[in-house]
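To be precise, the following lines are input34.cif, and they hold mmCIF, C-alpha atoms.
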data_work
#
loop_
_atom_site.group_PDB
_atom_site.id
_atom_site.type_symbol
_atom_site.label_atom_id
_atom_site.label_comp_id
_atom_site.auth_asym_id
_atom_site.auth_seq_id
_atom_site.Cartn_x
_atom_site.Cartn_y
_atom_site.Cartn_z
ATOM 1 C CA MET A 12 0.000 0.000 0.000
ATOM 2 C CA SER A 13 2.733 2.472 0.934
ATOM 3 C CA GLY A 14 4.504 1.761 -2.372
ATOM 4 C CA LYS A 15 1.472 2.897 -4.375
ATOM 5 C CA ILE A 16 1.124 6.056 -2.320
ATOM 6 C CA ILE A 17 4.813 6.885 -2.721
ATOM 7 C CA ARG A 18 4.692 6.355 -6.488
ATOM 8 C CA SER A 19 1.549 8.435 -6.973
ATOM 9 C CA GLN A 20 3.037 11.243 -4.893
ATOM 10 C CA ILE A 21 6.220 11.277 -6.967
ATOM 11 C CA GLU A 22 4.354 11.188 -10.264
ATOM 12 C CA ALA A 23 2.397 14.264 -9.201
ATOM 13 C CA GLU A 24 5.525 16.092 -8.015
ATOM 14 C CA LEU A 25 7.475 15.555 -11.217
ATOM 15 C CA GLY A 26 5.047 17.837 -13.038
ATOM 16 C CA HIS A 27 5.420 20.647 -10.492
ATOM 17 C CA PRO A 28 5.201 24.050 -12.302
ATOM 18 C CA VAL A 29 8.438 26.013 -12.308
ATOM 19 C CA PRO A 30 9.314 29.719 -12.808
ATOM 20 C CA ASP A 31 10.413 31.087 -16.183
ATOM 21 C CA ALA A 32 13.973 31.406 -14.894
ATOM 22 C CA VAL A 33 14.108 27.660 -14.387
ATOM 23 C CA GLN A 34 12.920 27.013 -17.938
ATOM 24 C CA ALA A 35 15.542 29.458 -19.216
ATOM 25 C CA ALA A 36 18.251 27.493 -17.414
ATOM 26 C CA VAL A 37 16.894 24.233 -18.841
ATOM 27 C CA GLU A 38 17.044 25.595 -22.386
ATOM 28 C CA ALA A 39 20.586 26.837 -21.779
ATOM 29 C CA LEU A 40 21.592 23.373 -20.556
ATOM 30 C CA ARG A 41 20.118 21.785 -23.666
ATOM 31 C CA ARG A 42 21.955 24.259 -25.913
ATOM 32 C CA ARG A 43 25.214 23.488 -24.119
ATOM 33 C CA HIS A 44 24.948 19.686 -24.056
ATOM 34 C CA GLY A 45 22.378 18.769 -26.689
ATOM 35 C CA GLU A 46 21.423 15.123 -27.157
ATOM 36 C CA ALA A 47 23.806 13.956 -24.436
ATOM 37 C CA ILE A 48 21.087 14.879 -21.920
ATOM 38 C CA ALA A 49 18.484 12.215 -21.153
ATOM 39 C CA GLY A 50 16.614 14.175 -18.480
ATOM 40 C CA ILE A 51 16.827 17.147 -16.136
ATOM 41 C CA LEU A 52 15.567 17.288 -12.556
ATOM 42 C CA PHE A 53 15.054 20.566 -10.679
ATOM 43 C CA TYR A 54 15.343 20.407 -6.884
ATOM 44 C CA GLY A 55 16.535 22.334 -3.844
ATOM 45 C CA SER A 56 15.575 25.495 -1.998
ATOM 46 C CA SER A 57 14.115 27.297 -5.015
ATOM 47 C CA LEU A 58 11.749 24.405 -5.645
ATOM 48 C CA ARG A 59 10.744 24.395 -1.975
ATOM 49 C CA ASP A 60 9.856 28.073 -1.692
ATOM 50 C CA GLY A 61 9.468 29.184 -5.324
ATOM 51 C CA ARG A 62 12.046 31.991 -5.051
ATOM 52 C CA VAL A 63 14.730 32.267 -7.736
ATOM 53 C CA GLU A 64 16.011 35.840 -7.473
ATOM 54 C CA GLY A 65 19.499 35.963 -6.004
ATOM 55 C CA ARG A 66 19.668 32.175 -5.920
ATOM 56 C CA VAL A 67 21.828 29.590 -7.657
ATOM 57 C CA LEU A 68 19.314 27.096 -9.066
ATOM 58 C CA ASP A 69 19.948 23.383 -8.508
ATOM 59 C CA PHE A 70 19.615 20.729 -11.202
ATOM 60 C CA TYR A 71 20.529 17.114 -11.775
ATOM 61 C CA VAL A 72 21.335 16.373 -15.417
ATOM 62 C CA LEU A 73 20.753 12.705 -16.187
ATOM 63 C CA VAL A 74 22.790 11.004 -18.892
ATOM 64 C CA ARG A 75 22.911 7.538 -20.380
ATOM 65 C CA ARG A 76 26.715 7.347 -20.595
ATOM 66 C CA TYR A 77 29.276 9.736 -19.179
ATOM 67 C CA ARG A 78 31.561 9.472 -22.201
ATOM 68 C CA GLU A 79 28.803 10.804 -24.458
ATOM 69 C CA PHE A 80 28.341 13.812 -22.197
ATOM 70 C CA HIS A 81 31.967 14.775 -21.488
ATOM 71 C CA ALA A 82 34.440 15.896 -24.110
ATOM 72 C CA SER A 83 37.252 14.857 -21.791
ATOM 73 C CA ARG A 84 37.951 11.240 -20.907
ATOM 74 C CA LEU A 85 39.285 12.398 -17.548
ATOM 75 C CA ALA A 86 36.042 14.220 -16.742
ATOM 76 C CA ALA A 87 34.028 11.150 -17.737
ATOM 77 C CA ALA A 88 36.227 8.910 -15.585
ATOM 78 C CA SER A 89 35.933 11.192 -12.545
ATOM 79 C CA ASN A 90 32.169 11.306 -12.980
ATOM 80 C CA ARG A 91 32.046 7.523 -13.111
ATOM 81 C CA LEU A 92 34.363 6.939 -10.141
ATOM 82 C CA LEU A 93 33.086 9.698 -7.838
ATOM 83 C CA PRO A 94 29.663 10.865 -9.027
ATOM 84 C CA PRO A 95 28.385 13.410 -9.560
ATOM 85 C CA ASN A 96 30.448 16.014 -11.385
ATOM 86 C CA VAL A 97 29.132 19.527 -10.729
ATOM 87 C CA TYR A 98 29.159 22.409 -13.204
ATOM 88 C CA TYR A 99 28.092 26.029 -13.299
ATOM 89 C CA LEU A 100 25.889 27.858 -15.799
ATOM 90 C CA GLU A 101 24.773 31.436 -16.379
ATOM 91 C CA THR A 102 22.120 32.584 -18.844
ATOM 92 C CA GLU A 103 19.775 35.537 -19.338
ATOM 93 C CA GLU A 104 16.025 35.677 -18.846
ATOM 94 C CA ALA A 105 13.959 38.869 -19.088
ATOM 95 C CA GLY A 106 17.083 41.003 -18.712
ATOM 96 C CA CYS A 107 18.247 39.214 -15.561
ATOM 97 C CA THR A 108 21.105 36.791 -15.020
ATOM 98 C CA VAL A 109 20.027 33.264 -14.114
ATOM 99 C CA ARG A 110 22.652 31.260 -12.242
ATOM 100 C CA ALA A 111 22.562 27.504 -11.888
ATOM 101 C CA LYS A 112 24.719 24.602 -10.859
ATOM 102 C CA TYR A 113 24.051 21.162 -12.204
ATOM 103 C CA ALA A 114 25.188 17.752 -11.077
ATOM 104 C CA VAL A 115 25.747 15.151 -13.776
ATOM 105 C CA LEU A 116 24.577 11.636 -12.980
ATOM 106 C CA SER A 117 23.978 8.601 -15.149
ATOM 107 C CA ILE A 118 20.629 6.843 -15.051
ATOM 108 C CA ASP A 119 22.446 3.694 -13.935
ATOM 109 C CA HIS A 120 24.002 5.566 -11.002
ATOM 110 C CA LEU A 121 20.622 7.056 -10.157
ATOM 111 C CA ARG A 122 19.141 3.560 -9.954
ATOM 112 C CA SER A 123 21.995 2.011 -7.962
ATOM 113 C CA GLY A 124 22.344 4.999 -5.636
ATOM 114 C CA THR A 125 18.722 4.856 -4.511
ATOM 115 C CA ARG A 126 18.512 1.121 -3.871
ATOM 116 C CA PRO A 127 18.506 -0.389 -0.373
ATOM 117 C CA GLY A 128 21.899 -1.532 0.872
ATOM 118 C CA THR A 129 24.032 1.243 -0.573
ATOM 119 C CA THR A 130 26.491 2.712 1.925
ATOM 120 C CA GLN A 131 26.368 6.215 0.450
ATOM 121 C CA THR A 132 23.361 8.309 1.389
ATOM 122 C CA SER A 133 24.032 11.320 -0.837
ATOM 123 C CA ILE A 134 21.842 10.187 -3.741
ATOM 124 C CA TRP A 135 18.855 8.658 -1.973
ATOM 125 C CA ALA A 136 18.817 11.394 0.677
ATOM 126 C CA ARG A 137 18.409 14.077 -1.990
ATOM 127 C CA PHE A 138 15.960 12.200 -4.163
ATOM 128 C CA ALA A 139 13.725 11.293 -1.234
ATOM 129 C CA GLN A 140 12.818 14.994 -1.323
ATOM 130 C CA PRO A 141 10.539 16.531 -3.989
ATOM 131 C CA CYS A 142 11.906 17.051 -7.505
ATOM 132 C CA ALA A 143 10.444 18.357 -10.743
ATOM 133 C CA LEU A 144 11.241 16.608 -14.019
ATOM 134 C CA VAL A 145 11.683 19.661 -16.228
ATOM 135 C CA TYR A 146 12.966 17.780 -19.288
ATOM 136 C CA ASP A 147 13.094 14.189 -20.487
ATOM 137 C CA THR A 148 13.611 12.385 -23.776
ATOM 138 C CA GLY A 149 10.753 9.929 -23.439
ATOM 139 C CA PRO A 150 8.678 7.507 -21.348
ATOM 140 C CA ALA A 151 11.590 5.176 -20.565
ATOM 141 C CA VAL A 152 13.559 7.969 -18.900
ATOM 142 C CA LYS A 153 10.511 9.179 -16.980
ATOM 143 C CA GLU A 154 9.774 5.672 -15.722
ATOM 144 C CA ALA A 155 13.392 5.211 -14.609
ATOM 145 C CA VAL A 156 13.147 8.481 -12.677
ATOM 146 C CA ILE A 157 9.858 7.521 -11.021
ATOM 147 C CA GLU A 158 11.163 4.105 -9.975
ATOM 148 C CA SER A 159 14.425 5.554 -8.650
ATOM 149 C CA LEU A 160 12.773 8.351 -6.676
ATOM 150 C CA ALA A 161 10.272 5.904 -5.189
ATOM 151 C CA SER A 162 13.174 3.645 -4.235
ATOM 152 C CA ALA A 163 14.954 6.615 -2.607
ATOM 153 C CA VAL A 164 11.949 7.309 -0.388
ATOM 154 C CA THR A 165 11.519 3.637 0.491
ATOM 155 C CA THR A 166 15.217 3.264 1.339
ATOM 156 C CA MET A 167 15.260 6.376 3.506
ATOM 157 C CA MET A 168 12.178 5.339 5.438
ATOM 158 C CA ALA A 169 13.458 1.796 5.961
ATOM 159 C CA GLU A 170 16.760 3.097 7.350
ATOM 160 C CA ALA A 171 15.080 5.521 9.770
ATOM 161 C CA LEU A 172 12.205 3.386 11.038
ATOM 162 C CA PRO A 173 14.255 1.119 13.344
ATOM 163 C CA LEU A 174 15.628 4.208 15.095
ATOM 164 C CA VAL A 175 12.214 5.664 16.008
ATOM 165 C CA GLY A 176 9.902 2.653 16.229
ATOM 166 C CA ASN A 177 6.436 2.111 14.833
ATOM 167 C CA ASP A 178 4.777 4.389 17.374
ATOM 168 C CA ALA A 179 6.548 7.471 15.983
ATOM 169 C CA SER A 180 4.658 10.173 14.124
ATOM 170 C CA PRO A 181 5.368 10.821 10.425
ATOM 171 C CA ARG A 182 7.039 14.058 11.437
ATOM 172 C CA GLU A 183 9.348 12.276 13.889
ATOM 173 C CA LEU A 184 10.178 9.626 11.308
ATOM 174 C CA TRP A 185 11.138 12.115 8.588
ATOM 175 C CA GLN A 186 13.045 14.437 10.893
ATOM 176 C CA ARG A 187 15.109 11.548 12.214
ATOM 177 C CA ALA A 188 15.793 10.431 8.649
ATOM 178 C CA PHE A 189 16.887 13.940 7.622
ATOM 179 C CA ARG A 190 19.006 14.361 10.736
ATOM 180 C CA GLU A 191 20.873 11.114 10.128
ATOM 181 C CA THR A 192 21.520 11.836 6.452
ATOM 182 C CA TYR A 193 22.781 15.341 7.235
ATOM 183 C CA ARG A 194 25.222 13.859 9.724
ATOM 184 C CA THR A 195 26.863 11.857 6.931
ATOM 185 C CA GLU A 196 28.242 15.071 5.396
ATOM 186 C CA PHE A 197 29.916 18.245 6.588
ATOM 187 C CA ARG A 198 27.132 20.814 6.539
ATOM 188 C CA ALA A 199 27.241 24.605 6.590
ATOM 189 C CA GLU A 200 23.533 25.110 7.333
ATOM 190 C CA ARG A 201 22.429 26.417 10.704
ATOM 191 C CA GLY A 202 19.159 26.012 12.584
ATOM 192 C CA ASN A 203 16.900 22.982 12.609
ATOM 193 C CA ARG A 204 17.362 21.917 9.012
ATOM 194 C CA PRO A 205 15.335 18.678 9.291
ATOM 195 C CA LEU A 206 12.366 20.659 10.593
ATOM 196 C CA ASP A 207 12.744 23.229 7.808
ATOM 197 C CA LEU A 208 12.705 20.512 5.155
ATOM 198 C CA TYR A 209 9.622 18.911 6.659
ATOM 199 C CA ALA A 210 7.842 22.264 6.975
ATOM 200 C CA ALA A 211 8.314 22.988 3.262
ATOM 201 C CA PHE A 212 6.008 20.100 2.236
ATOM 202 C CA PRO A 213 4.261 18.915 5.423
ATOM 203 C CA ASP A 214 1.286 17.315 3.664
ATOM 204 C CA ARG A 215 3.596 15.338 1.415
ATOM 205 C CA TYR A 216 5.732 14.022 4.240
ATOM 206 C CA GLU A 217 2.717 13.323 6.436
ATOM 207 C CA ARG A 218 1.022 11.278 3.718
ATOM 208 C CA ILE A 219 4.078 9.184 2.914
ATOM 209 C CA GLY A 220 5.150 8.782 6.541
ATOM 210 C CA ALA A 221 1.686 7.687 7.651
ATOM 211 C CA ALA A 222 1.558 5.067 4.893
ATOM 212 C CA VAL A 223 5.010 3.730 5.792
ATOM 213 C CA LEU A 224 4.193 3.513 9.481
ATOM 214 C CA ALA A 225 0.854 1.833 8.802
ATOM 215 C CA SER A 226 2.490 -0.894 6.709
ATOM 216 C CA ALA A 227 5.530 -1.406 8.954
ATOM 217 C CA ARG A 228 6.125 -4.572 10.928
ATOM 218 C CA PRO A 229 4.363 -4.619 14.310
ATOM 219 C CA GLU A 230 7.572 -4.512 16.326
ATOM 220 C CA GLN A 231 11.088 -3.120 16.089
ATOM 221 C CA ASP A 232 13.417 -5.035 18.406
ATOM 222 C CA ASP A 233 16.594 -3.767 20.035
ATOM 223 C CA ARG A 234 18.838 -5.839 17.794
ATOM 224 C CA ALA A 235 17.341 -4.279 14.675
ATOM 225 C CA ARG A 236 17.860 -0.827 16.176
ATOM 226 C CA ARG A 237 21.492 -1.558 17.019
ATOM 227 C CA ARG A 238 22.172 -2.940 13.525
ATOM 228 C CA CYS A 239 20.623 0.149 12.007
ATOM 229 C CA ASP A 240 22.664 2.432 14.243
ATOM 230 C CA ARG A 241 25.875 0.648 13.190
ATOM 231 C CA ARG A 242 24.981 1.173 9.539
ATOM 232 C CA TRP A 243 24.542 4.903 10.145
ATOM 233 C CA ARG A 244 27.893 5.121 11.914
ATOM 234 C CA MET A 245 29.542 3.509 8.915
ATOM 235 C CA ARG A 246 27.717 5.879 6.574
ATOM 236 C CA ARG A 247 29.060 8.861 8.514
ATOM 237 C CA ILE A 248 32.629 7.662 7.991
ATOM 238 C CA VAL A 249 32.136 6.915 4.302
ATOM 239 C CA GLY A 250 29.914 9.915 3.618
ATOM 240 C CA ARG A 251 32.183 12.544 5.168
ATOM 241 C CA THR A 252 35.218 11.136 3.410
ATOM 242 C CA LEU A 253 33.466 11.215 0.040
ATOM 243 C CA HIS A 254 32.074 14.667 0.770
ATOM 244 C CA VAL A 255 35.584 16.070 1.211
ATOM 245 C CA LEU A 256 36.739 14.357 -1.991
ATOM 246 C CA ARG A 257 33.795 15.771 -3.929
ATOM 247 C CA LEU A 258 34.472 19.266 -2.626
ATOM 248 C CA ALA A 259 38.086 18.974 -3.740
ATOM 249 C CA LYS A 260 36.935 17.772 -7.153
ATOM 250 C CA ALA A 261 34.408 20.615 -7.401
ATOM 251 C CA VAL A 262 37.222 23.157 -7.185
ATOM 252 C CA PHE A 263 38.243 22.092 -10.704
ATOM 253 C CA THR A 264 34.745 21.526 -12.080
ATOM 254 C CA PHE A 265 33.819 25.061 -13.047
ATOM 255 C CA ALA A 266 35.414 28.497 -13.281
ATOM 256 C CA GLY A 267 35.334 30.205 -9.906
ATOM 257 C CA GLY A 268 34.823 26.907 -8.105
ATOM 258 C CA LEU A 269 36.730 27.959 -4.996
ATOM 259 C CA ASP A 270 34.789 31.220 -4.801
ATOM 260 C CA TYR A 271 31.519 29.339 -5.223
ATOM 261 C CA ILE A 272 32.306 26.967 -2.358
ATOM 262 C CA LEU A 273 33.251 29.864 -0.075
ATOM 263 C CA TRP A 274 30.091 31.737 -1.094
ATOM 264 C CA LYS A 275 28.057 28.624 -0.313
ATOM 265 C CA VAL A 276 29.567 28.336 3.162
ATOM 266 C CA GLU A 277 29.031 32.048 3.837
ATOM 267 C CA SER A 278 25.422 32.008 2.635
ATOM 268 C CA HIS A 279 24.543 29.215 5.067
ATOM 269 C CA SER A 280 26.758 29.992 8.044
ATOM 270 C CA GLY A 281 27.675 33.676 7.822
ATOM 271 C CA VAL A 282 31.372 32.781 7.986
ATOM 272 C CA ARG A 283 33.242 34.729 5.315
ATOM 273 C CA MET A 284 36.696 33.962 3.987
ATOM 274 C CA ALA A 285 38.455 35.610 1.052
ATOM 275 C CA PRO A 286 40.976 33.329 -0.713
ATOM 276 C CA THR A 287 44.492 34.594 -1.262
ATOM 277 C CA PRO A 288 45.992 34.809 -4.781
ATOM 278 C CA TRP A 289 48.087 31.717 -4.020
ATOM 279 C CA GLN A 290 44.998 29.777 -2.928
ATOM 280 C CA ARG A 291 43.242 30.720 -6.173
ATOM 281 C CA ARG A 292 46.196 29.491 -8.215
ATOM 282 C CA HIS A 293 46.569 26.253 -6.218
ATOM 283 C CA PRO A 294 43.077 25.375 -4.932
ATOM 284 C CA LEU A 295 43.790 21.686 -4.331
ATOM 285 C CA LEU A 296 46.935 22.364 -2.294
ATOM 286 C CA ALA A 297 45.106 25.073 -0.357
ATOM 287 C CA ALA A 298 41.973 22.996 0.276
ATOM 288 C CA PRO A 299 43.118 21.404 3.605
ATOM 289 C CA PHE A 300 44.148 24.781 5.043
ATOM 290 C CA ILE A 301 40.933 26.470 3.914
ATOM 291 C CA ALA A 302 38.761 23.636 5.227
ATOM 292 C CA THR A 303 40.537 23.653 8.610
ATOM 293 C CA ARG A 304 40.168 27.416 8.978
ATOM 294 C CA LEU A 305 36.487 27.345 8.021
ATOM 295 C CA TYR A 306 35.814 24.491 10.422
ATOM 296 C CA ARG A 307 37.484 26.296 13.324
ATOM 297 C CA ARG A 308 35.469 29.448 12.600
ATOM 298 C CA GLY A 309 32.223 27.484 12.488
ATOM 299 C CA GLY A 310 31.756 27.464 8.728
ATOM 300 C CA PHE A 311 30.513 23.879 8.775
ATOM 301 C CA ARG A 312 29.997 21.022 11.171
#
Represent the structure of the file as structure tokens.
Amino acid sequence: MSGKIIRSQIEAELGHPVPDAVQAAVEALRRRHGEAIAGILFYGSSLRDGRVEGRVLDFYVLVRRYREFHASRLAAASNRLLPPNVYYLETEEAGCTVRAKYAVLSIDHLRSGTRPGTTQTSIWARFAQPCALVYDTGPAVKEAVIESLASAVTTMMAEALPLVGNDASPRELWQRAFRETYRTEFRAERGNRPLDLYAAFPDRYERIGAAVLASARPEQDDRARRRCDRRWRMRRIVGRTLHVLRLAKAVFTFAGGLDYILWKVESHSGVRMAPTPWQRRHPLLAAPFIATRLYRRGGFR
């Protein structure tokens, strides 16, 4: 029963209307990459609150094969070994600059990254939240997206349920799930982020959470809870390590990558740091020093 509810919810969300600025970014992405794109998903804070002015829009660009998308074999290899690669885009819409960053992910990685049993949470944690499918090349791509997003929700709920028990409320279940996934990365956000995410789409999370809890097994024993807790501890080790590696890779992904990362930290934490000329010239060598300084000043946790 919960599976049908999750699927119907996702199908409805994929058609979520988006602002003109989002469509302008989509068209710019298609002009830049052409037929190498299989689908484009819009997600993030601008989808949650509908505001685009002064924001960097967030997209996932889905591809069939990385080598078809990337001109460079090295870029394709890095995308395959440590997905996703992240790029930056600017375009114009109604006389205003539209800024976007887009993560490149293969459909195969989307499927595998949302299945139960994967150690990394980064893919299923993001796709358990609402997304809009703003471009696709046909029914097969759309179906792959629906199945993967439904699997992301199912995986996230299954990995949070043993920690809260069947008597939890949908709100408690989702907030615990968000809290655990956020702990697997270094985060710059302040405040009660899990509550903020839930509050953006409370009806959605209530409906899915209630269905999951209603179809859950009658009891959650202590052994199941301990096994689940061990899995989350392992995910924190793996997730934080991969997060640092992805940040280092992102420095080389697009022009101004170091400035973008520092802007991102400042926008969420208020901690500002201006890179030196040497750090701009050697971002990878400077990354450990910058990360240590930001951490000590409270730029991320």
Checklist outcome for this item: The residue from A:Leu253, A:Phe197, A:Asn90, A:Leu144 with the smallest atom-to-atom distance to Ala302 (chain A), counting only C-alpha atoms, is A:Phe197
Checklist entry - How would you write, as a count of residues only, the residues chosen by the PyMOL selection byres ((chain A and resi 132-137) around 8) on this structure? => result 21
Checklist entry - When distances are computed from only C-alpha atoms, which of A:Leu40, A:Ala221, A:Ile21, A:Val63 shows the smallest separation from Arg182 (chain A)? => result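 Looking only at the distances to Arg182 (chain A), the closest residue turns out to be A:Ala221.
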Item to check | Result set, the PyMOL selection byres ((chain A and resi 208-212) around 8) on current file, as an MDAnalysis selection string | outcome: chainID A and resid 59:60 182 185:186 204:207 213:216
Next on the checklist: Could you tell me, as number ranges by chain, exactly which residues end up selected when the PyMOL selection byres ((chain A and resi 91) around 10) is applied to this structure?
Outcome noted: A: 76-78, 85-90, 92-96, 115-117, 120
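If you count all atoms listed in the file and ignore residues fewer than 3 places along the chain from region 225-229 of chain A, what sits within 7 Å of it is Ser13, Asn177, Ala221 and Ala222 of chain A.
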Item to check | Pick from A:Gly128, A:Gly50, A:Pro181, A:Gly176, whichever lies nearest to Thr148 (chain A) using all atoms listed in the file | outcome: A:Gly50
Next on the checklist: Between CA of Leu273 (chain A) and CA of Tyr99 (chain A), what distance in Å does the model show, to one decimal?
Outcome noted: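 Going from CA of Leu273 (chain A) over to CA of Tyr99 (chain A) covers 14.7 Å.
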